[in-house]
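Peer 1: Starting off with a structure, shown below.
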Amino acid sequence: MSRRALRRLRGEQRGQEPLEPGALQFVLREDDDAEEEGPKRGPGGRRPRDAGKEGVRVNNRFELINIEDLEEGPVVNGERSDCLPTATVVSGDKRPSRPGSSETKKDGEGPAPAEQANPSGKLRKKKKKQRNKKSAAGEAPDDGLEDIDRILERIEDGSGSHAPGPPPLSSKRHVLYVEHRHLNPDTELKRYFGARAVLGEQRPRQRQRVYPKCTWLTTPKSAWPRYSKPGLSMRLLESRKGLSCFAFEHSEEYQHTQLTFLSAVESMEPNNIVVLLQTSPYHVDSLLQLSDACRFQDDQETARDLVERALYSMECAFHPLFSLTSGTCRLDYRRPENRSFYLALYKQMSFLERRGCPRTALEYCKLILSLEPDEDPLCMLLLIDHLALRARHYEYLIRLFQEWEAHRNLSQLPNFAFSVPLAYFLLSQQADRPEQELAGAREKASLLLRQALTMFPGVLMPLLGYCSVRPDAAVSSHPFFGPEAEISQPPALNQLVSLYLGRSHFLWKEPATMSWLEEAVREVLRAVDAGDPSVEACESRRKVLYQRAPRNIHRHVVLSEIKEAVAALPPDVSAQPVLGFDPLPPVDTIYSYVRPERLSPVSHGNTIALFFRSLLPNYTMEGERPEDGGAEGLDHNQGLNRLMLAVRDMMANFHFHDLEAPREEPPEGDGEWD
């Protein structure tokens, strides 16, 4: 019978045999025991390598797993005998163990049991000495730790009433706290479709990556031009009351590029901006303006790529102290250099929402609002509720409403007045919550919805029209919800209602939501018929509060591009020219540099000069200055040369798309032409 069959018969397996007395080889230090011998030779008669080093020699490397069991005592019926661990180190770790590195057991201070596997006199003698050393050296640290714990307990007891402990980390986070990982749309797409579907195309390209600068807002692409500093930077203006005010700065070269860009915008020719981007590929305003031109031509992919490149250019110019997540960094919108960052973030947020990433878009919305929450230049409070509902962050919307209602009066905005009760109602539809919490959320939702319908009765009929729902005759014929309610509301309120309904009406199309809305409408009608005094109070408040919308709301309506809201803009706003890179700039703008005036005044009446200037805004005739007396100081030859150069430049920008004429094939014949 072979040895393998014999082991199987005995129920043994290779690598699990009990160790023999000579299997463990210990090397003692000089001061431990003088009568200890050197390491024994192995079964083959050889002296193992590194015999002079401290450690345990074993025959099978799998025995290292249970080496502590062998040192501390035998394992009987799955239980280890109580004894102190030794300071012996296995050969896999050449470093000697420290006395305090292993945990000591208080109930194991007695002598080791006599029934140890493979007893050895030298091994028992060494373990006894090491146990004595560890017991003597381990008492002091334990006593010291106990003393430290007692001191800390006394300090906490003495000062607990005066200085309470800090709240947990979750309660410290500001309501506008931004998470870095949620600024990347791939994080949300991975949750929807899986990492393999999102990163499937990117994995083969990792071998040829260029290691660009790490950024949070965008990921640089290999197809982009090589980044070089365009002259854009950021500086710290001041720090007060825990807030840090920053501002972007333009160098002289960037200022010259900015002035060239303004001339290209006045020419109303996108090709001029394309030419400018060939020399300055990371000029922010040119990228944003060209992105709008591509979006109007339904080239969404190129438009989004240009916005991402603009964000990358501005993020590379961040100040070292500027933080996206702290919520304490401020950018003044009155400075034209800072507006580009606001608009780039807004355009990126819009692309993310259309792409189906509402969670990422919500994070961008919080970021824009945190840059200047008091002024809110882009009026993000008209949008953040919509994104929170789409991302199903109902608790966040409720928390924002509860914390900001006292000082911002969010209930006076139609979007918050209807979105917050909708968030409570959707919370009450979740089955994984306690029954009592669901009932409380449903009751709170009904109360807030009745208040919203009482304050804004002109929302109901347009909302039902958007949802393709025919109202009851008792509701449509009632004067409180009838056509008069929509006509009698102020123009500013009509603009806010049109903005909310054009953006969020589809959130109310669910059958359960419509049934809940119907119940609230009937209760409001009963209160109106009963002569509730709150109805008259809300009517007088509407006439006082919504006289005229501020400029930031008009700016938000222009950026939203919602037709119903844009049509409700006042005539004085709609008649103003709106530039994509700076829509409706603030009246109190803070300029760091001013665009110089043109050298050629229009008042001279030179017909030819005016004609070419209408074609080419950059065309100016040297010498035609007011101080030179107009035509008297004009060099005709030089002016003619400049005129010819301008005409050549204009002809070079023309693009002719002629269809190729069909080629005539030579007639077939037997002979050849001479």
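In the structure tokens, the first chain shown is A, the next is B, and so on; residue numbers restart at 1 for each chain, and ligands run from 1 in the order shown.
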Skipping near chain neighbours, those fewer than 6 positions away, what residues fall within 9 Å of range 343-359 of chain A using only C-alpha atoms, listed as a VMD selection string?

Peer 2: chain A and resid 182 to 183 185 188 to 189 217 284 288 300 304 307 to 308 310 to 311 365 367 to 368 378 387 to 393 559 to 560 580 to 582

Peer 1: How would you write, as a CSV table (one decimal) with N, CA, C and O atoms, in the first residue's frame, the set of residues in range 384-526 of chain A that DSSP gives as alpha helix (DSSP H)?

Peer 2:
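Once written, result.csv looks like this:
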chain,number,residue,atom,x,y,z
A,384,ILE,N,-33.5,74.5,-8.8
A,384,ILE,CA,-32.9,73.5,-7.9
A,384,ILE,C,-34.0,72.5,-7.4
A,384,ILE,O,-33.8,71.3,-7.2
A,385,ASP,N,-35.2,73.0,-7.3
A,385,ASP,CA,-36.3,72.1,-6.8
A,385,ASP,C,-36.7,71.1,-7.9
A,385,ASP,O,-36.9,69.9,-7.7
A,386,HIS,N,-36.6,71.5,-9.2
A,386,HIS,CA,-36.9,70.6,-10.3
A,386,HIS,C,-35.9,69.5,-10.4
A,386,HIS,O,-36.2,68.3,-10.6
A,387,LEU,N,-34.6,69.9,-10.3
A,387,LEU,CA,-33.5,68.9,-10.4
A,387,LEU,C,-33.6,67.9,-9.2
A,387,LEU,O,-33.3,66.7,-9.3
A,388,ALA,N,-33.9,68.4,-8.0
A,388,ALA,CA,-34.0,67.5,-6.8
A,388,ALA,C,-35.2,66.5,-7.0
A,388,ALA,O,-35.0,65.3,-6.6
A,389,LEU,N,-36.3,66.9,-7.6
A,389,LEU,CA,-37.4,66.0,-7.8
A,389,LEU,C,-37.0,65.0,-8.9
A,389,LEU,O,-37.3,63.8,-8.8
A,390,ARG,N,-36.3,65.4,-9.9
A,390,ARG,CA,-36.0,64.5,-11.0
A,390,ARG,C,-34.9,63.5,-10.5
A,390,ARG,O,-34.9,62.3,-10.9
A,394,TYR,N,-35.8,63.8,-2.5
A,394,TYR,CA,-36.9,64.5,-1.9
A,394,TYR,C,-36.5,65.1,-0.5
A,394,TYR,O,-36.9,66.2,-0.1
A,395,GLU,N,-35.7,64.3,0.2
A,395,GLU,CA,-35.3,64.8,1.6
A,395,GLU,C,-34.4,66.0,1.5
A,395,GLU,O,-34.5,66.9,2.3
A,396,TYR,N,-33.6,66.1,0.4
A,396,TYR,CA,-32.7,67.3,0.3
A,396,TYR,C,-33.6,68.5,0.0
A,396,TYR,O,-33.3,69.6,0.6
A,397,LEU,N,-34.6,68.4,-0.9
A,397,LEU,CA,-35.4,69.5,-1.2
A,397,LEU,C,-36.2,70.0,0.1
A,397,LEU,O,-36.3,71.2,0.3
A,398,ILE,N,-36.7,69.0,0.9
A,398,ILE,CA,-37.4,69.4,2.1
A,398,ILE,C,-36.4,70.1,3.1
A,398,ILE,O,-36.8,71.1,3.7
A,399,ARG,N,-35.2,69.6,3.2
A,399,ARG,CA,-34.2,70.2,4.1
A,399,ARG,C,-33.9,71.6,3.6
A,399,ARG,O,-33.8,72.6,4.5
A,400,LEU,N,-33.7,71.8,2.3
A,400,LEU,CA,-33.4,73.2,1.8
A,400,LEU,C,-34.6,74.1,2.1
A,400,LEU,O,-34.3,75.3,2.5
A,401,PHE,N,-35.8,73.7,2.0
A,401,PHE,CA,-36.9,74.5,2.2
A,401,PHE,C,-37.0,74.9,3.7
A,401,PHE,O,-37.3,76.0,4.1
A,402,GLN,N,-36.8,73.9,4.6
A,402,GLN,CA,-36.9,74.2,6.0
A,402,GLN,C,-35.8,75.1,6.5
A,402,GLN,O,-36.0,75.9,7.4
A,403,GLU,N,-34.6,75.0,5.9
A,403,GLU,CA,-33.5,75.9,6.4
A,403,GLU,C,-33.5,77.3,5.8
A,403,GLU,O,-33.1,78.2,6.5
A,404,TRP,N,-34.0,77.4,4.6
A,404,TRP,CA,-34.0,78.7,3.9
A,404,TRP,C,-35.3,79.5,3.9
A,404,TRP,O,-35.4,80.6,3.5
A,405,GLU,N,-36.4,78.9,4.4
A,405,GLU,CA,-37.7,79.5,4.4
A,405,GLU,C,-37.7,80.7,5.2
A,405,GLU,O,-38.3,81.8,4.9
A,406,ALA,N,-37.0,80.7,6.4
A,406,ALA,CA,-37.1,81.8,7.3
A,406,ALA,C,-36.5,83.1,6.8
A,406,ALA,O,-37.0,84.2,7.0
A,407,HIS,N,-35.4,83.0,6.0
A,407,HIS,CA,-34.7,84.2,5.6
A,407,HIS,C,-34.8,84.4,4.1
A,407,HIS,O,-34.4,85.5,3.6
A,408,ARG,N,-35.3,83.5,3.3
A,408,ARG,CA,-35.4,83.6,1.9
A,408,ARG,C,-36.9,83.6,1.4
A,408,ARG,O,-37.1,83.9,0.2
A,414,PRO,N,-43.6,80.2,-6.8
A,414,PRO,CA,-44.5,79.1,-7.2
A,414,PRO,C,-43.8,77.8,-7.3
A,414,PRO,O,-44.5,76.8,-7.0
A,415,ASN,N,-42.6,77.7,-7.8
A,415,ASN,CA,-41.9,76.4,-7.9
A,415,ASN,C,-41.7,75.7,-6.6
A,415,ASN,O,-42.0,74.5,-6.5
A,416,PHE,N,-41.3,76.5,-5.6
A,416,PHE,CA,-41.1,75.8,-4.3
A,416,PHE,C,-42.5,75.6,-3.6
A,416,PHE,O,-42.7,74.6,-2.9
A,417,ALA,N,-43.5,76.4,-3.8
A,417,ALA,CA,-44.8,76.2,-3.2
A,417,ALA,C,-45.4,74.9,-3.7
A,417,ALA,O,-46.2,74.3,-2.9
A,418,PHE,N,-45.2,74.5,-4.9
A,418,PHE,CA,-45.7,73.3,-5.4
A,418,PHE,C,-44.8,72.1,-5.4
A,418,PHE,O,-45.2,70.9,-5.3
A,419,SER,N,-43.5,72.3,-5.4
A,419,SER,CA,-42.5,71.2,-5.5
A,419,SER,C,-42.3,70.6,-4.1
A,419,SER,O,-42.2,69.4,-4.0
A,420,VAL,N,-42.4,71.4,-3.0
A,420,VAL,CA,-42.2,70.8,-1.7
A,420,VAL,C,-43.3,69.9,-1.3
A,420,VAL,O,-43.1,68.8,-0.8
A,421,PRO,N,-44.6,70.3,-1.5
A,421,PRO,CA,-45.6,69.3,-1.2
A,421,PRO,C,-45.6,68.1,-2.1
A,421,PRO,O,-45.9,66.9,-1.6
A,422,LEU,N,-45.1,68.2,-3.3
A,422,LEU,CA,-45.0,67.1,-4.2
A,422,LEU,C,-43.9,66.1,-3.6
A,422,LEU,O,-44.0,64.9,-3.7
A,423,ALA,N,-42.8,66.7,-3.1
A,423,ALA,CA,-41.7,65.9,-2.5
A,423,ALA,C,-42.2,65.1,-1.3
A,423,ALA,O,-41.9,64.0,-1.1
A,424,TYR,N,-43.0,65.8,-0.4
A,424,TYR,CA,-43.6,65.1,0.7
A,424,TYR,C,-44.5,64.0,0.2
A,424,TYR,O,-44.5,62.9,0.8
A,425,PHE,N,-45.3,64.2,-0.8
A,425,PHE,CA,-46.2,63.2,-1.3
A,425,PHE,C,-45.5,62.0,-1.9
A,425,PHE,O,-45.8,60.8,-1.6
A,426,LEU,N,-44.4,62.3,-2.6
A,426,LEU,CA,-43.6,61.2,-3.2
A,426,LEU,C,-42.9,60.4,-2.1
A,426,LEU,O,-42.7,59.2,-2.2
A,427,LEU,N,-42.5,61.1,-1.0
A,427,LEU,CA,-41.9,60.3,0.1
A,427,LEU,C,-43.0,59.4,0.8
A,427,LEU,O,-42.6,58.3,1.2
A,428,SER,N,-44.2,59.9,0.8
A,428,SER,CA,-45.3,59.0,1.4
A,428,SER,C,-45.6,57.8,0.6
A,428,SER,O,-46.3,56.9,1.1
A,435,GLU,N,-44.8,53.2,8.9
A,435,GLU,CA,-46.2,53.6,8.6
A,435,GLU,C,-46.5,55.0,9.2
A,435,GLU,O,-47.2,55.8,8.5
A,436,GLN,N,-46.0,55.2,10.3
A,436,GLN,CA,-46.3,56.5,11.0
A,436,GLN,C,-45.6,57.7,10.2
A,436,GLN,O,-46.2,58.7,10.0
A,437,GLU,N,-44.4,57.4,9.7
A,437,GLU,CA,-43.7,58.5,8.9
A,437,GLU,C,-44.4,58.7,7.6
A,437,GLU,O,-44.5,59.9,7.2
A,438,LEU,N,-44.9,57.7,7.0
A,438,LEU,CA,-45.7,57.8,5.7
A,438,LEU,C,-46.9,58.6,5.9
A,438,LEU,O,-47.3,59.5,5.1
A,439,ALA,N,-47.6,58.4,7.0
A,439,ALA,CA,-48.9,59.1,7.3
A,439,ALA,C,-48.6,60.6,7.5
A,439,ALA,O,-49.3,61.5,7.1
A,440,GLY,N,-47.5,60.8,8.3
A,440,GLY,CA,-47.2,62.2,8.6
A,440,GLY,C,-46.7,63.0,7.3
A,440,GLY,O,-47.1,64.2,7.1
A,441,ALA,N,-46.0,62.3,6.4
A,441,ALA,CA,-45.6,63.0,5.2
A,441,ALA,C,-46.8,63.2,4.3
A,441,ALA,O,-46.9,64.3,3.6
A,442,ARG,N,-47.8,62.3,4.2
A,442,ARG,CA,-49.0,62.5,3.4
A,442,ARG,C,-49.8,63.7,4.0
A,442,ARG,O,-50.3,64.6,3.2
A,443,GLU,N,-49.9,63.8,5.3
A,443,GLU,CA,-50.7,64.9,5.9
A,443,GLU,C,-50.0,66.2,5.6
A,443,GLU,O,-50.6,67.2,5.3
A,444,LYS,N,-48.7,66.3,5.8
A,444,LYS,CA,-47.9,67.5,5.5
A,444,LYS,C,-48.0,67.9,4.0
A,444,LYS,O,-48.1,69.1,3.7
A,445,ALA,N,-48.0,66.9,3.1
A,445,ALA,CA,-48.1,67.3,1.7
A,445,ALA,C,-49.4,67.9,1.4
A,445,ALA,O,-49.5,68.9,0.6
A,446,SER,N,-50.5,67.3,1.9
A,446,SER,CA,-51.8,67.9,1.6
A,446,SER,C,-52.0,69.3,2.2
A,446,SER,O,-52.6,70.2,1.5
A,447,LEU,N,-51.4,69.6,3.4
A,447,LEU,CA,-51.5,70.9,3.9
A,447,LEU,C,-50.8,71.9,3.1
A,447,LEU,O,-51.3,73.0,2.8
A,448,LEU,N,-49.6,71.6,2.7
A,448,LEU,CA,-48.8,72.5,1.9
A,448,LEU,C,-49.4,72.7,0.5
A,448,LEU,O,-49.3,73.8,-0.1
A,449,LEU,N,-50.0,71.7,-0.1
A,449,LEU,CA,-50.6,71.8,-1.4
A,449,LEU,C,-51.8,72.7,-1.3
A,449,LEU,O,-52.1,73.6,-2.2
A,450,ARG,N,-52.6,72.6,-0.3
A,450,ARG,CA,-53.7,73.5,-0.1
A,450,ARG,C,-53.3,75.0,0.0
A,450,ARG,O,-53.9,75.9,-0.6
A,451,GLN,N,-52.2,75.2,0.8
A,451,GLN,CA,-51.7,76.6,0.9
A,451,GLN,C,-51.2,77.1,-0.5
A,451,GLN,O,-51.4,78.3,-0.8
A,452,ALA,N,-50.5,76.2,-1.3
A,452,ALA,CA,-50.0,76.6,-2.6
A,452,ALA,C,-51.2,77.0,-3.5
A,452,ALA,O,-51.1,78.0,-4.3
A,453,LEU,N,-52.2,76.2,-3.5
A,453,LEU,CA,-53.4,76.5,-4.4
A,453,LEU,C,-54.1,77.7,-4.0
A,453,LEU,O,-54.6,78.5,-4.8
A,454,THR,N,-54.1,78.0,-2.7
A,454,THR,CA,-54.7,79.3,-2.2
A,454,THR,C,-53.9,80.5,-2.6
A,454,THR,O,-54.5,81.5,-2.9
A,455,MET,N,-52.6,80.4,-2.5
A,455,MET,CA,-51.7,81.5,-2.9
A,455,MET,C,-51.6,81.7,-4.4
A,455,MET,O,-51.5,82.8,-4.8
A,460,LEU,N,-53.4,76.1,-11.5
A,460,LEU,CA,-54.2,74.9,-11.6
A,460,LEU,C,-54.6,74.6,-13.1
A,460,LEU,O,-54.3,73.6,-13.6
A,461,MET,N,-55.3,75.6,-13.7
A,461,MET,CA,-55.9,75.3,-15.0
A,461,MET,C,-54.8,75.1,-16.1
A,461,MET,O,-54.8,74.2,-16.9
A,462,PRO,N,-53.7,76.0,-16.1
A,462,PRO,CA,-52.6,75.7,-17.1
A,462,PRO,C,-51.9,74.3,-16.8
A,462,PRO,O,-51.5,73.6,-17.7
A,463,LEU,N,-51.8,73.9,-15.5
A,463,LEU,CA,-51.2,72.7,-15.2
A,463,LEU,C,-52.0,71.5,-15.7
A,463,LEU,O,-51.5,70.5,-16.3
A,464,LEU,N,-53.3,71.6,-15.6
A,464,LEU,CA,-54.2,70.5,-16.1
A,464,LEU,C,-54.2,70.5,-17.6
A,464,LEU,O,-54.3,69.4,-18.2
A,465,GLY,N,-54.0,71.7,-18.2
A,465,GLY,CA,-53.9,71.7,-19.7
A,465,GLY,C,-52.6,71.0,-20.2
A,465,GLY,O,-52.6,70.3,-21.2
A,466,TYR,N,-51.5,71.3,-19.4
A,466,TYR,CA,-50.2,70.6,-19.8
A,466,TYR,C,-50.3,69.1,-19.7
A,466,TYR,O,-49.7,68.4,-20.4
A,473,ALA,N,-66.4,70.4,-14.1
A,473,ALA,CA,-67.2,71.6,-14.4
A,473,ALA,C,-67.3,72.5,-13.2
A,473,ALA,O,-67.3,73.7,-13.3
A,474,ALA,N,-67.4,71.9,-12.0
A,474,ALA,CA,-67.5,72.7,-10.8
A,474,ALA,C,-66.2,73.4,-10.6
A,474,ALA,O,-66.2,74.5,-10.0
A,475,VAL,N,-65.0,72.9,-11.0
A,475,VAL,CA,-63.8,73.6,-10.8
A,475,VAL,C,-63.5,74.7,-11.9
A,475,VAL,O,-63.1,75.8,-11.6
A,476,SER,N,-63.8,74.3,-13.2
A,476,SER,CA,-63.5,75.3,-14.3
A,476,SER,C,-64.4,76.4,-14.2
A,476,SER,O,-64.1,77.5,-14.7
A,483,PRO,N,-60.8,81.2,-15.6
A,483,PRO,CA,-59.9,82.0,-16.4
A,483,PRO,C,-59.5,83.3,-15.8
A,483,PRO,O,-58.4,83.9,-16.1
A,484,GLU,N,-60.4,83.8,-15.0
A,484,GLU,CA,-60.1,85.1,-14.3
A,484,GLU,C,-58.9,85.1,-13.4
A,484,GLU,O,-58.2,86.0,-13.2
A,485,ALA,N,-58.7,83.9,-12.8
A,485,ALA,CA,-57.5,83.8,-11.9
A,485,ALA,C,-56.2,83.9,-12.6
A,485,ALA,O,-55.3,84.5,-12.1
A,486,GLU,N,-56.1,83.4,-13.8
A,486,GLU,CA,-54.9,83.5,-14.6
A,486,GLU,C,-54.7,84.9,-15.2
A,486,GLU,O,-53.6,85.4,-15.3
A,487,ILE,N,-55.8,85.5,-15.6
A,487,ILE,CA,-55.7,86.8,-16.2
A,487,ILE,C,-55.4,87.9,-15.2
A,487,ILE,O,-54.6,88.9,-15.4
A,488,SER,N,-55.9,87.8,-14.0
A,488,SER,CA,-55.8,88.8,-13.0
A,488,SER,C,-54.4,88.8,-12.2
A,488,SER,O,-54.1,89.8,-11.5
A,491,PRO,N,-48.0,90.5,-14.0
A,491,PRO,CA,-47.1,89.9,-15.1
A,491,PRO,C,-45.9,89.2,-14.6
A,491,PRO,O,-45.5,88.2,-15.1
A,492,ALA,N,-45.3,89.7,-13.5
A,492,ALA,CA,-44.1,89.0,-12.9
A,492,ALA,C,-44.5,87.6,-12.4
A,492,ALA,O,-43.8,86.7,-12.6
A,493,LEU,N,-45.7,87.5,-11.8
A,493,LEU,CA,-46.1,86.2,-11.3
A,493,LEU,C,-46.4,85.3,-12.5
A,493,LEU,O,-46.2,84.1,-12.4
A,494,ASN,N,-47.0,85.9,-13.5
A,494,ASN,CA,-47.3,85.1,-14.7
A,494,ASN,C,-46.1,84.5,-15.3
A,494,ASN,O,-46.0,83.4,-15.8
A,495,GLN,N,-45.0,85.3,-15.2
A,495,GLN,CA,-43.7,84.8,-15.8
A,495,GLN,C,-43.2,83.7,-15.0
A,495,GLN,O,-42.7,82.7,-15.5
A,496,LEU,N,-43.2,83.7,-13.6
A,496,LEU,CA,-42.8,82.7,-12.8
A,496,LEU,C,-43.6,81.4,-13.0
A,496,LEU,O,-43.1,80.3,-13.0
A,497,VAL,N,-44.9,81.6,-13.1
A,497,VAL,CA,-45.8,80.4,-13.3
A,497,VAL,C,-45.5,79.7,-14.6
A,497,VAL,O,-45.4,78.5,-14.7
A,498,SER,N,-45.3,80.5,-15.7
A,498,SER,CA,-45.0,80.0,-17.0
A,498,SER,C,-43.7,79.2,-17.0
A,498,SER,O,-43.5,78.2,-17.6
A,499,LEU,N,-42.7,79.8,-16.2
A,499,LEU,CA,-41.4,79.1,-16.1
A,499,LEU,C,-41.5,77.8,-15.4
A,499,LEU,O,-40.9,76.7,-15.9
A,500,TYR,N,-42.3,77.7,-14.3
A,500,TYR,CA,-42.4,76.5,-13.6
A,500,TYR,C,-43.2,75.4,-14.4
A,500,TYR,O,-42.8,74.2,-14.4
A,501,LEU,N,-44.3,75.8,-15.0
A,501,LEU,CA,-45.1,74.8,-15.7
A,501,LEU,C,-44.4,74.3,-16.9
A,501,LEU,O,-44.5,73.1,-17.3
A,502,GLY,N,-43.7,75.2,-17.6
A,502,GLY,CA,-43.0,74.8,-18.8
A,502,GLY,C,-41.9,73.8,-18.5
A,502,GLY,O,-41.4,73.0,-19.4
A,503,ARG,N,-41.4,73.8,-17.3
A,503,ARG,CA,-40.2,73.0,-16.9
A,503,ARG,C,-40.6,71.7,-16.2
A,503,ARG,O,-40.1,70.6,-16.4
A,504,SER,N,-41.6,71.8,-15.3
A,504,SER,CA,-41.9,70.7,-14.4
A,504,SER,C,-43.3,70.1,-14.5
A,504,SER,O,-43.8,69.4,-13.6
A,511,PRO,N,-51.0,59.1,-12.2
A,511,PRO,CA,-52.4,59.0,-11.7
A,511,PRO,C,-52.6,59.2,-10.2
A,511,PRO,O,-53.6,59.9,-9.8
A,512,ALA,N,-51.7,58.7,-9.4
A,512,ALA,CA,-51.8,58.9,-8.0
A,512,ALA,C,-51.6,60.4,-7.6
A,512,ALA,O,-52.3,60.9,-6.7
A,513,THR,N,-50.7,61.0,-8.3
A,513,THR,CA,-50.5,62.5,-8.1
A,513,THR,C,-51.7,63.3,-8.4
A,513,THR,O,-52.1,64.2,-7.7
A,514,MET,N,-52.4,62.9,-9.6
A,514,MET,CA,-53.6,63.6,-10.0
A,514,MET,C,-54.7,63.4,-9.0
A,514,MET,O,-55.5,64.3,-8.7
A,515,SER,N,-54.9,62.2,-8.5
A,515,SER,CA,-55.9,62.0,-7.5
A,515,SER,C,-55.7,62.8,-6.2
A,515,SER,O,-56.7,63.4,-5.7
A,516,TRP,N,-54.5,62.9,-5.8
A,516,TRP,CA,-54.2,63.7,-4.6
A,516,TRP,C,-54.4,65.2,-4.9
A,516,TRP,O,-54.9,65.9,-4.0
A,517,LEU,N,-54.1,65.6,-6.1
A,517,LEU,CA,-54.3,67.0,-6.5
A,517,LEU,C,-55.8,67.3,-6.5
A,517,LEU,O,-56.3,68.4,-6.1
A,518,GLU,N,-56.6,66.4,-7.0
A,518,GLU,CA,-58.1,66.6,-7.0
A,518,GLU,C,-58.6,66.7,-5.6
A,518,GLU,O,-59.5,67.6,-5.4
A,519,GLU,N,-58.2,65.9,-4.7
A,519,GLU,CA,-58.7,66.0,-3.3
A,519,GLU,C,-58.3,67.4,-2.7
A,519,GLU,O,-59.2,68.0,-2.1
A,520,ALA,N,-57.1,67.9,-3.0
A,520,ALA,CA,-56.7,69.2,-2.4
A,520,ALA,C,-57.5,70.3,-3.1
A,520,ALA,O,-57.9,71.3,-2.4
A,521,VAL,N,-57.8,70.2,-4.3
A,521,VAL,CA,-58.6,71.3,-5.0
A,521,VAL,C,-60.0,71.3,-4.4
A,521,VAL,O,-60.6,72.4,-4.2
A,522,ARG,N,-60.7,70.2,-4.1
A,522,ARG,CA,-62.0,70.2,-3.6
A,522,ARG,C,-62.0,70.8,-2.2
A,522,ARG,O,-62.9,71.6,-1.8
A,523,GLU,N,-61.0,70.5,-1.4
A,523,GLU,CA,-60.9,71.1,-0.1
A,523,GLU,C,-60.7,72.6,-0.1
A,523,GLU,O,-61.3,73.4,0.7
A,524,VAL,N,-59.9,73.1,-1.1
A,524,VAL,CA,-59.7,74.5,-1.2
A,524,VAL,C,-61.0,75.2,-1.6
A,524,VAL,O,-61.3,76.3,-1.1
A,525,LEU,N,-61.8,74.6,-2.5
A,525,LEU,CA,-63.0,75.2,-2.9
A,525,LEU,C,-64.0,75.3,-1.7
A,525,LEU,O,-64.8,76.3,-1.6
A,526,ARG,N,-64.0,74.3,-0.9
A,526,ARG,CA,-64.9,74.4,0.3
A,526,ARG,C,-64.4,75.5,1.2
A,526,ARG,O,-65.3,76.3,1.8

Peer 1: Sorted by chain and rising residue number, list the residues of range 504-554 of chain A at most 10 Å from range 563-571 of chain A (counting only C-alpha atoms), each with its closest atom pair and distance in Å to one decimal, as a tab-separated table.

Peer 2:
residue	atom	partner	partner_atom	distance
A:Arg548	CA	A:Pro570	CA	9.2
A:Ala549	CA	A:Pro570	CA	9.4
A:Ile553	CA	A:Leu569	CA	9.9
A:His554	CA	A:Leu569	CA	7.2

Peer 1: Restrict the selected residues to all heavy atoms and save them as a PDB file, in the first residue's frame.

Peer 2:
ATOM      1  N   ARG A 548     -42.774  93.606 -10.165  1.00  0.00           N
ATOM      2  CA  ARG A 548     -41.817  93.483 -11.269  1.00  0.00           C
ATOM      3  C   ARG A 548     -40.730  92.503 -10.853  1.00  0.00           C
ATOM      4  O   ARG A 548     -40.211  92.571  -9.731  1.00  0.00           O
ATOM      5  CB  ARG A 548     -41.206  94.838 -11.626  1.00  0.00           C
ATOM      6  CG  ARG A 548     -40.185  94.770 -12.749  1.00  0.00           C
ATOM      7  CD  ARG A 548     -39.654  96.140 -13.113  1.00  0.00           C
ATOM      8  NE  ARG A 548     -38.592  96.050 -14.096  1.00  0.00           N
ATOM      9  CZ  ARG A 548     -38.787  95.955 -15.406  1.00  0.00           C
ATOM     10  NH1 ARG A 548     -40.020  95.934 -15.882  1.00  0.00           N
ATOM     11  NH2 ARG A 548     -37.758  95.882 -16.246  1.00  0.00           N
ATOM     12  N   ALA A 549     -40.349  91.641 -11.759  1.00  0.00           N
ATOM     13  CA  ALA A 549     -39.318  90.645 -11.473  1.00  0.00           C
ATOM     14  C   ALA A 549     -37.941  91.288 -11.524  1.00  0.00           C
ATOM     15  O   ALA A 549     -37.688  92.176 -12.359  1.00  0.00           O
ATOM     16  CB  ALA A 549     -39.392  89.494 -12.476  1.00  0.00           C
ATOM     17  N   ILE A 553     -33.920  87.168 -12.424  1.00  0.00           N
ATOM     18  CA  ILE A 553     -34.977  86.281 -12.927  1.00  0.00           C
ATOM     19  C   ILE A 553     -35.086  86.391 -14.445  1.00  0.00           C
ATOM     20  O   ILE A 553     -35.245  85.386 -15.148  1.00  0.00           O
ATOM     21  CB  ILE A 553     -36.318  86.599 -12.243  1.00  0.00           C
ATOM     22  CG1 ILE A 553     -36.246  86.241 -10.760  1.00  0.00           C
ATOM     23  CG2 ILE A 553     -37.461  85.859 -12.919  1.00  0.00           C
ATOM     24  CD1 ILE A 553     -37.527  86.487 -10.000  1.00  0.00           C
ATOM     25  N   HIS A 554     -34.987  87.604 -14.962  1.00  0.00           N
ATOM     26  CA  HIS A 554     -34.994  87.770 -16.419  1.00  0.00           C
ATOM     27  C   HIS A 554     -33.805  87.052 -17.050  1.00  0.00           C
ATOM     28  O   HIS A 554     -33.939  86.427 -18.117  1.00  0.00           O
ATOM     29  CB  HIS A 554     -34.946  89.256 -16.767  1.00  0.00           C
ATOM     30  CG  HIS A 554     -36.166  90.000 -16.334  1.00  0.00           C
ATOM     31  ND1 HIS A 554     -36.184  91.385 -16.165  1.00  0.00           N
ATOM     32  CD2 HIS A 554     -37.424  89.578 -16.019  1.00  0.00           C
ATOM     33  CE1 HIS A 554     -37.389  91.761 -15.773  1.00  0.00           C
ATOM     34  NE2 HIS A 554     -38.157  90.681 -15.680  1.00  0.00           N
TER      35      HIS A 554
END
